[in-house]
Structure formats: structure tokens, C-alpha cells
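One file, upload25.cif, is given below (mmCIF, C-alpha atoms).
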data_coords
loop_
_atom_site.label_atom_id
_atom_site.label_comp_id
_atom_site.auth_asym_id
_atom_site.auth_seq_id
_atom_site.Cartn_x
_atom_site.Cartn_y
_atom_site.Cartn_z
CA MET A 24 23.48 -223.46 11.34
CA SER A 25 22.84 -220.77 8.77
CA ASN A 26 19.60 -218.89 8.64
CA PRO A 27 17.39 -219.89 5.69
CA GLN A 28 14.83 -217.30 6.67
CA SER A 29 15.45 -214.19 4.58
CA ARG A 30 13.50 -215.52 1.59
CA THR A 31 10.33 -215.96 3.59
CA SER A 32 10.46 -212.71 5.50
CA TYR A 33 7.21 -211.38 6.86
CA LEU A 34 8.20 -207.83 6.11
CA SER A 35 6.48 -207.77 2.71
CA ALA A 36 3.19 -208.71 4.35
CA ASN A 37 3.93 -206.15 7.04
CA GLN A 38 4.15 -203.37 4.50
CA ARG A 39 0.65 -203.95 3.20
CA MET A 40 -0.91 -204.67 6.55
CA LEU A 41 0.26 -204.02 10.09
CA LEU A 42 0.63 -207.39 11.78
CA THR A 43 1.19 -207.57 15.51
CA THR A 44 0.92 -210.03 18.38
CA LEU A 45 -0.14 -207.17 20.66
CA GLU A 46 -3.74 -206.25 21.40
CA GLY A 47 -3.33 -202.85 19.84
CA VAL A 48 -0.85 -201.01 17.70
CA PRO A 49 1.53 -198.95 19.85
CA GLY A 50 1.16 -195.24 19.21
CA LYS A 51 -2.10 -195.71 17.33
CA GLU A 52 -5.74 -195.94 18.23
CA VAL A 53 -8.10 -198.70 17.16
CA LEU A 54 -11.09 -197.15 15.37
CA GLU A 55 -13.03 -200.17 14.20
CA HIS A 56 -13.15 -203.92 14.68
CA TYR A 57 -13.89 -206.24 11.77
CA GLY A 58 -13.75 -209.52 13.67
CA ILE A 59 -11.59 -212.57 13.20
CA VAL A 60 -9.57 -213.18 10.04
CA GLN A 61 -7.77 -216.41 9.37
CA GLY A 62 -5.61 -218.23 6.90
CA SER A 63 -4.69 -221.87 6.75
CA THR A 64 -2.91 -224.31 4.52
CA VAL A 65 -2.36 -228.05 4.67
CA ARG A 66 0.97 -229.31 3.38
CA ALA A 67 2.31 -232.75 2.81
CA LYS A 68 6.00 -233.55 2.84
CA ASN A 69 7.23 -234.85 -0.49
CA VAL A 70 8.90 -238.20 -0.97
CA GLY A 71 12.29 -236.77 -1.93
CA LYS A 72 12.45 -234.60 1.14
CA ASP A 73 11.17 -237.46 3.27
CA LEU A 74 13.93 -239.72 1.98
CA LEU A 75 16.60 -237.14 2.70
CA ALA A 76 15.07 -236.57 6.11
CA GLY A 77 15.20 -240.32 6.69
CA LEU A 78 18.94 -240.26 6.07
CA LYS A 79 19.31 -237.18 8.19
CA ASN A 80 17.56 -239.00 11.01
CA ILE A 81 20.64 -241.15 11.50
CA VAL A 82 22.84 -238.19 12.35
CA GLY A 83 20.15 -235.83 13.66
CA GLY A 84 20.15 -232.05 13.59
CA GLU A 85 18.08 -229.57 11.65
CA LEU A 86 15.97 -230.72 8.71
CA LYS A 87 16.44 -227.66 6.50
CA GLY A 88 14.08 -228.95 3.82
CA TYR A 89 11.23 -229.20 6.31
CA THR A 90 12.04 -225.89 7.93
CA GLU A 91 11.77 -224.17 4.56
CA LEU A 92 8.68 -226.08 3.52
CA LEU A 93 6.83 -225.10 6.68
CA GLN A 94 8.03 -221.52 6.45
CA GLU A 95 6.70 -221.20 2.92
CA ALA A 96 3.41 -222.77 3.98
CA ARG A 97 3.07 -220.48 6.96
CA HIS A 98 3.80 -217.56 4.72
CA GLU A 99 1.02 -218.62 2.39
CA ALA A 100 -1.40 -218.89 5.30
CA THR A 101 -0.42 -215.40 6.42
CA GLU A 102 -0.90 -214.12 2.89
CA ARG A 103 -4.44 -215.53 2.87
CA MET A 104 -5.22 -213.89 6.18
CA VAL A 105 -3.91 -210.55 4.91
CA GLN A 106 -6.05 -210.81 1.78
CA GLN A 107 -9.12 -211.48 3.87
CA ALA A 108 -8.39 -208.43 6.01
CA GLU A 109 -7.86 -206.30 2.91
CA GLN A 110 -11.29 -207.26 1.62
CA LEU A 111 -12.80 -206.08 4.90
CA GLY A 112 -11.05 -202.75 4.56
CA ALA A 113 -8.79 -203.19 7.58
CA ASN A 114 -5.29 -201.76 7.78
CA ALA A 115 -3.99 -203.84 10.68
CA ILE A 116 -4.34 -207.29 12.20
CA VAL A 117 -3.82 -207.45 15.96
CA ASN A 118 -3.33 -210.35 18.36
CA VAL A 119 -1.95 -212.63 15.64
CA ARG A 120 -1.48 -216.28 16.69
CA PHE A 121 0.02 -219.25 14.86
CA ALA A 122 -0.95 -222.86 15.33
CA THR A 123 0.30 -226.10 13.81
CA SER A 124 -1.42 -229.44 13.92
CA SER A 125 -0.55 -232.64 12.17
CA VAL A 126 -3.76 -233.87 10.57
CA ALA A 127 -2.38 -237.13 9.21
CA GLN A 128 0.90 -238.96 8.98
CA GLY A 129 3.09 -236.78 6.82
CA ALA A 130 0.73 -233.82 6.53
CA ALA A 131 0.52 -230.72 8.69
CA GLU A 132 -1.95 -227.89 8.88
CA LEU A 133 -0.58 -224.43 9.43
CA TYR A 134 -3.07 -221.99 10.76
CA VAL A 135 -2.83 -218.28 11.52
CA TYR A 136 -5.54 -216.04 12.91
CA GLY A 137 -6.02 -212.59 14.29
CA THR A 138 -8.43 -209.69 14.61
CA ALA A 139 -8.75 -207.26 11.73
CA VAL A 140 -8.97 -203.65 12.82
CA LYS A 141 -8.70 -200.15 11.44
CA VAL A 142 -6.13 -198.01 13.26
CA MET A 143 -5.24 -194.36 13.03
CA MET B 16 24.37 -261.18 13.19
CA GLY B 17 24.60 -258.93 10.13
CA ASP B 18 21.64 -256.89 11.32
CA LEU B 19 23.22 -256.40 14.71
CA ILE B 20 26.40 -255.07 13.10
CA VAL B 21 24.40 -252.60 10.99
CA VAL B 22 22.54 -251.39 14.07
CA LEU B 23 25.80 -250.99 16.00
CA ILE B 24 27.36 -249.05 13.11
CA LEU B 25 24.30 -246.78 12.87
CA LEU B 26 24.40 -246.24 16.62
CA ALA B 27 28.08 -245.31 16.46
CA ILE B 28 27.49 -242.92 13.54
CA GLY B 29 24.46 -241.41 15.27
CA TYR B 30 26.30 -240.94 18.54
CA GLY B 31 29.48 -239.63 16.93
CA PHE B 32 27.97 -237.16 14.46
CA GLY B 33 24.99 -236.35 16.65
CA SER B 34 26.96 -235.32 19.71
CA TYR B 35 29.51 -233.48 17.58
CA ALA B 36 26.70 -231.53 15.87
CA GLU B 37 25.08 -230.86 19.24
CA ARG B 38 28.28 -229.43 20.70
CA GLN B 39 28.80 -227.23 17.62
CA HIS B 40 25.20 -226.08 17.73
CA TYR B 41 25.34 -225.20 21.42
CA LYS B 42 28.54 -223.26 20.80
CA SER B 43 26.88 -221.27 18.03
CA ILE B 44 23.73 -220.73 20.13
CA ARG B 45 25.74 -219.38 23.06
CA GLU B 46 27.71 -217.01 20.85
CA ARG B 47 24.62 -215.68 19.10
CA GLU B 48 22.72 -215.32 22.37
CA LYS B 49 25.55 -213.21 23.70
CA ALA B 50 25.59 -211.12 20.53
CA THR B 51 21.84 -210.45 20.66
CA LEU B 52 21.57 -209.88 24.40
CA HIS B 53 20.89 -206.14 24.01
CA VAL B 54 17.39 -206.75 22.65
CA PRO B 55 15.02 -207.95 25.38
CA ILE B 56 12.36 -210.55 24.65
CA MET B 57 9.12 -210.29 26.60
CA THR B 58 6.11 -212.53 26.81
CA PHE B 59 3.91 -209.75 28.09
CA GLY B 60 2.76 -206.78 26.08
CA ALA B 61 -0.94 -207.22 25.49
CA LYS B 62 -2.18 -205.70 28.72
CA GLN B 63 0.80 -203.56 29.67
CA SER B 64 1.48 -200.05 28.57
CA LEU B 65 4.27 -200.09 26.03
CA PRO B 66 7.09 -197.65 25.50
CA PRO B 67 6.39 -195.22 22.69
CA ALA B 68 7.11 -196.75 19.32
CA LYS B 69 7.33 -195.48 15.79
CA GLU B 70 6.86 -198.80 14.07
CA THR B 71 6.01 -202.39 14.82
CA ALA B 72 6.29 -205.55 12.77
CA LEU B 73 5.69 -209.26 13.12
CA PHE B 74 8.72 -211.56 13.27
CA VAL B 75 8.70 -215.32 13.04
CA GLY B 76 11.51 -217.80 13.58
CA SER B 77 11.10 -221.51 13.05
CA VAL B 78 13.19 -224.63 12.94
CA VAL B 79 12.59 -228.35 12.45
CA VAL B 80 14.92 -230.53 14.49
CA ALA B 81 15.30 -234.28 14.21
CA SER B 82 16.72 -236.79 16.63
CA ASP B 83 19.69 -238.92 15.62
CA TYR B 84 19.74 -242.71 15.59
CA PHE B 85 21.34 -242.90 19.02
CA LYS B 86 18.72 -240.64 20.61
CA THR B 87 15.89 -242.60 19.02
CA PHE B 88 17.42 -245.80 20.36
CA ALA B 89 17.93 -244.29 23.81
CA LEU B 90 14.26 -243.28 23.86
CA ALA B 91 13.19 -246.81 22.95
CA LEU B 92 15.19 -248.10 25.93
CA ARG B 93 13.85 -245.35 28.18
CA ASN B 94 10.32 -246.31 27.24
CA LEU B 95 10.82 -249.63 28.99
CA VAL B 96 11.55 -248.16 32.41
CA GLY B 97 10.20 -244.62 32.14
CA GLY B 98 11.75 -241.49 33.60
CA ARG B 99 13.59 -238.50 32.24
CA VAL B 100 14.73 -238.61 28.63
CA LEU B 101 17.80 -236.40 28.82
CA SER B 102 18.74 -236.74 25.16
CA TYR B 103 15.39 -235.27 24.08
CA GLU B 104 15.49 -232.47 26.61
CA SER B 105 18.61 -231.13 24.93
CA LEU B 106 17.08 -231.58 21.47
CA LEU B 107 14.02 -229.49 22.37
CA ASP B 108 16.15 -226.93 24.18
CA ARG B 109 18.30 -226.49 21.07
CA GLY B 110 15.25 -226.15 18.84
CA ARG B 111 13.61 -223.56 21.02
CA ARG B 112 16.70 -221.44 21.45
CA GLU B 113 17.43 -221.64 17.72
CA ALA B 114 13.89 -220.51 16.83
CA LEU B 115 14.08 -217.61 19.28
CA LEU B 116 17.47 -216.59 17.88
CA ARG B 117 16.21 -216.63 14.30
CA MET B 118 13.30 -214.41 15.22
CA LYS B 119 15.60 -212.12 17.16
CA GLU B 120 18.24 -211.86 14.45
CA GLU B 121 15.68 -210.92 11.84
CA ALA B 122 14.21 -208.31 14.18
CA ILE B 123 17.65 -206.86 14.89
CA ALA B 124 18.38 -206.64 11.17
CA TRP B 125 15.18 -204.60 10.86
CA GLY B 126 16.28 -202.36 13.73
CA ALA B 127 14.13 -203.56 16.63
CA THR B 128 14.93 -202.40 20.15
CA GLU B 129 12.69 -204.96 21.82
CA LEU B 130 10.34 -207.82 21.12
CA ALA B 131 6.97 -207.88 22.86
CA ASN B 132 4.32 -210.56 23.36
CA VAL B 133 6.51 -213.40 22.16
CA ARG B 134 4.88 -216.82 21.88
CA ILE B 135 6.54 -220.20 21.41
CA ASN B 136 4.82 -223.24 19.93
CA THR B 137 6.12 -226.76 19.60
CA SER B 138 4.57 -229.43 17.44
CA SER B 139 5.61 -232.90 16.46
CA LEU B 140 5.62 -233.68 12.75
CA SER B 141 5.99 -237.40 13.16
CA GLN B 142 2.70 -238.01 15.00
CA GLY B 143 3.86 -241.01 16.97
CA GLY B 144 5.22 -242.78 13.91
CA GLN B 145 7.99 -245.32 14.20
CA GLY B 146 11.56 -244.09 14.15
CA MET B 147 11.37 -240.67 12.49
CA ILE B 148 11.06 -238.07 15.18
CA SER B 149 11.01 -234.49 13.98
CA ILE B 150 9.81 -231.55 15.98
CA GLU B 151 8.96 -228.09 14.75
CA VAL B 152 9.46 -225.11 17.02
CA ILE B 153 8.13 -221.71 16.10
CA ALA B 154 8.71 -218.44 17.94
CA TYR B 155 6.91 -215.25 17.00
CA GLY B 156 6.51 -211.79 18.41
CA THR B 157 6.16 -208.11 17.69
CA GLY B 158 9.31 -206.13 17.04
CA ILE B 159 9.28 -202.50 18.17
CA ARG B 160 11.51 -199.69 16.99
#
For the structure just supplied, provide its representation as C-alpha cells.
Amino acid sequence: MSNPQSRTSYLSANQRMLLTTLEGVPGKEVLEHYGIVQGSTVRAKNVGKDLLAGLKNIVGGELKGYTELLQEARHEATERMVQQAEQLGANAIVNVRFATSSVAQGAAELYVYGTAVKVM
Amino acid sequence: MGDLIVVLILLAIGYGFGSYAERQHYKSIREREKATLHVPIMTFGAKQSLPPAKETALFVGSVVVASDYFKTFALALRNLVGGRVLSYESLLDRGRREALLRMKEEAIAWGATELANVRINTSSLSQGGQGMISIEVIAYGTGIR
């Protein structure tokens, strides 16, 4: 399986805002807390992709269309979270967590949250 | 009679292509795991002191895997008697290892020496619907260099 990831790299978001799953940023000190920031997006699969996925379900394996769709959606959610943190004047988001829940048949919510902080 | 033949053909295709793809995938997973062994993955990090680092960044790897016709059929049979569903254990195992590898490979390309506080999430996209079973696995963590 090839990696369809490069296009949706998180590095561009990383350059504007330090994102980490740790509770602090290694080598830096947390000066201020701004509280929780979050981003979410709800996506539905489209019919074309669903049809292809239906065919793919006979032979199994990775559903590349879905993988990419969800990656893009998660990226958008992250982008929203970063924007929210920028408005607060933060320069890092710590303890970032992702969550996915399917809200209805064929639609999924992608949710990302973390704590906005200022580090030095 | 015609329906039965179609089902049998689909089962044969599902089993043939599905197990071939699974073998190929496992081969690729094993090779890539060996190639990326030098970068440790840790699930701790939040409350431990970390080695000095110049830079950190978030890395995410995700994959959507679907069962083949044979596996779906095997599950339907399994549902009657209960017990372990071996064919799905391997499907989830593949998905999880693939997601971890994607995260790791991206981190290595960036120059990471380790990945801290890695989390893995699994969610079903099919929500108990008939037939279609697709599962998304996401792995994310902080790369340190």
C-alpha cells in the first residue's frame, strides 16, 4: 500500500502553531493557559465513493477514497482549532486529542481538541 | 439457484483476492516495521521527564480498512454460534499497524528520533449497517528531534 498522506501533512499547521500530544512543550516553559480550543467537522461520504467502496468490499483491503476524505476532514478540523488558538494569542496547543464518531449512517464527525497555551 | 452461484462466485473472489492482499500487506508491514525499528514509539510522555529536544511536531497516520466478502460472510456465520472472529482480528491488526507505520514514516521523513505520547483510536464507519464493514484507525503522537 502506498502512502497517500503527504498532501495532508500536519507540518504546515505545525509551523504556525506548535501542536503536541504532550502536556508541555519539551525544552520550553508554559507561561499562560488559555483553556480548551477545539475544531470539528462533519463529513458525509459521497455516492461515487460509496459505490466504489461497495465494489471494494468484495475484495477487501484499504478504501483509499475514504482514507483521504477523512484525512482532509481531520485536517480541516485541526485548521479550525489552530485558528481559534491564534485568536486567543496562543503559540502552542498541548495535549491534543482526536476523536471520531459516526453521527448517522454514512456521516462521521471528526473532532480535535487541546489546550491553548503560550510557551517561551 | 442463480443467486447461490453468484454468492459462491463472490465468496471465491473475496477469499482469493482478500487472502492474497492480506499476505501482501503483511509482507509489506513486516518489511516497513523492520526498516523503522530505530525510532521508538511510546505511549507515555505526559508525566515523564523527556530527553532534551530542539523541536517537536504532531504526526498523524490513518487508514480505512474494509472487510472482503468472505470475511463478511464468515462473520455472519460466526454470529450464529458466537466466539472468536479470527478473520476480523487480522483485519484490525493490519489497520492498526498500517496507521502506526504511516505516522512513523512521516515522522522519520521529518527527522524524528522518537515518538512520544502516541494514541490509537479505532472507529467503525458502517455503524452496524448491513454488509459494508469499514473501520478507520488513526494513530497520532508527538515527534521529537
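Residue membership of the PyMOL selection byres ((chain A and resi 89) around 9) in the shown file amounts to A:Lys68, A:Lys72, A:Asp73, A:Ala76, A:Glu85, A:Leu86, A:Lys87, A:Gly88, A:Thr90, A:Glu91, A:Leu92, A:Leu93, A:Gln94, B:Val78, B:Val79, B:Glu151.
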Residue neighbourhood region 133-138 of chain A, 6 Å, all atoms listed in the file, exclusion window fewer than 6 positions, as JSON, numbers by chain:
{"A": [58, 59, 60, 61, 62, 63, 64, 97, 116, 117, 118, 119, 120, 121, 122, 123]}
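CA of Phe32 (chain B) to CA of Tyr84 (chain B) spans 10.0 Å [interatomic distance, one decimal].
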Please measure the separation of CA of Ala115 (chain A) and CA of Glu70 (chain B), giving the value in Å to one decimal.
12.4 Å
Once the PyMOL selection byres ((chain A) within 8 of (chain B)) is applied to the coordinates I shared, what remains selected? I want it as number ranges by chain.
A: 24, 26, 28-29, 33-34, 37, 41-50, 77, 79-87, 89-90, 94, 122-125, 127-131
One decimal, Å: what's the distance from CA of Leu52 (chain B) over to CA of Lys119 (chain B), could you say?
9.6 Å
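For the file at hand, the PyMOL selection byres ((chain A and resi 114) around 6) resolves to Met40, Ala113, Ala115 and Lys141 of chain A.
Proximity ranking of B:Leu95, B:Leu90, B:Ala114, B:Ala127 relative to Arg47 (chain B) places B:Ala114 first, based on all atoms listed in the file.
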Set up a box along x, y and z of the file covering all listed atoms of region 38-57 of chain A, add 6 Å on every one of the six sides, and write the centre and edge lengths in Å to one decimal, as AutoDock Vina command-line options.
--center_x -4.9 --center_y -202.6 --center_z 12.3 --size_x 30.0 --size_y 26.8 --size_z 30.2
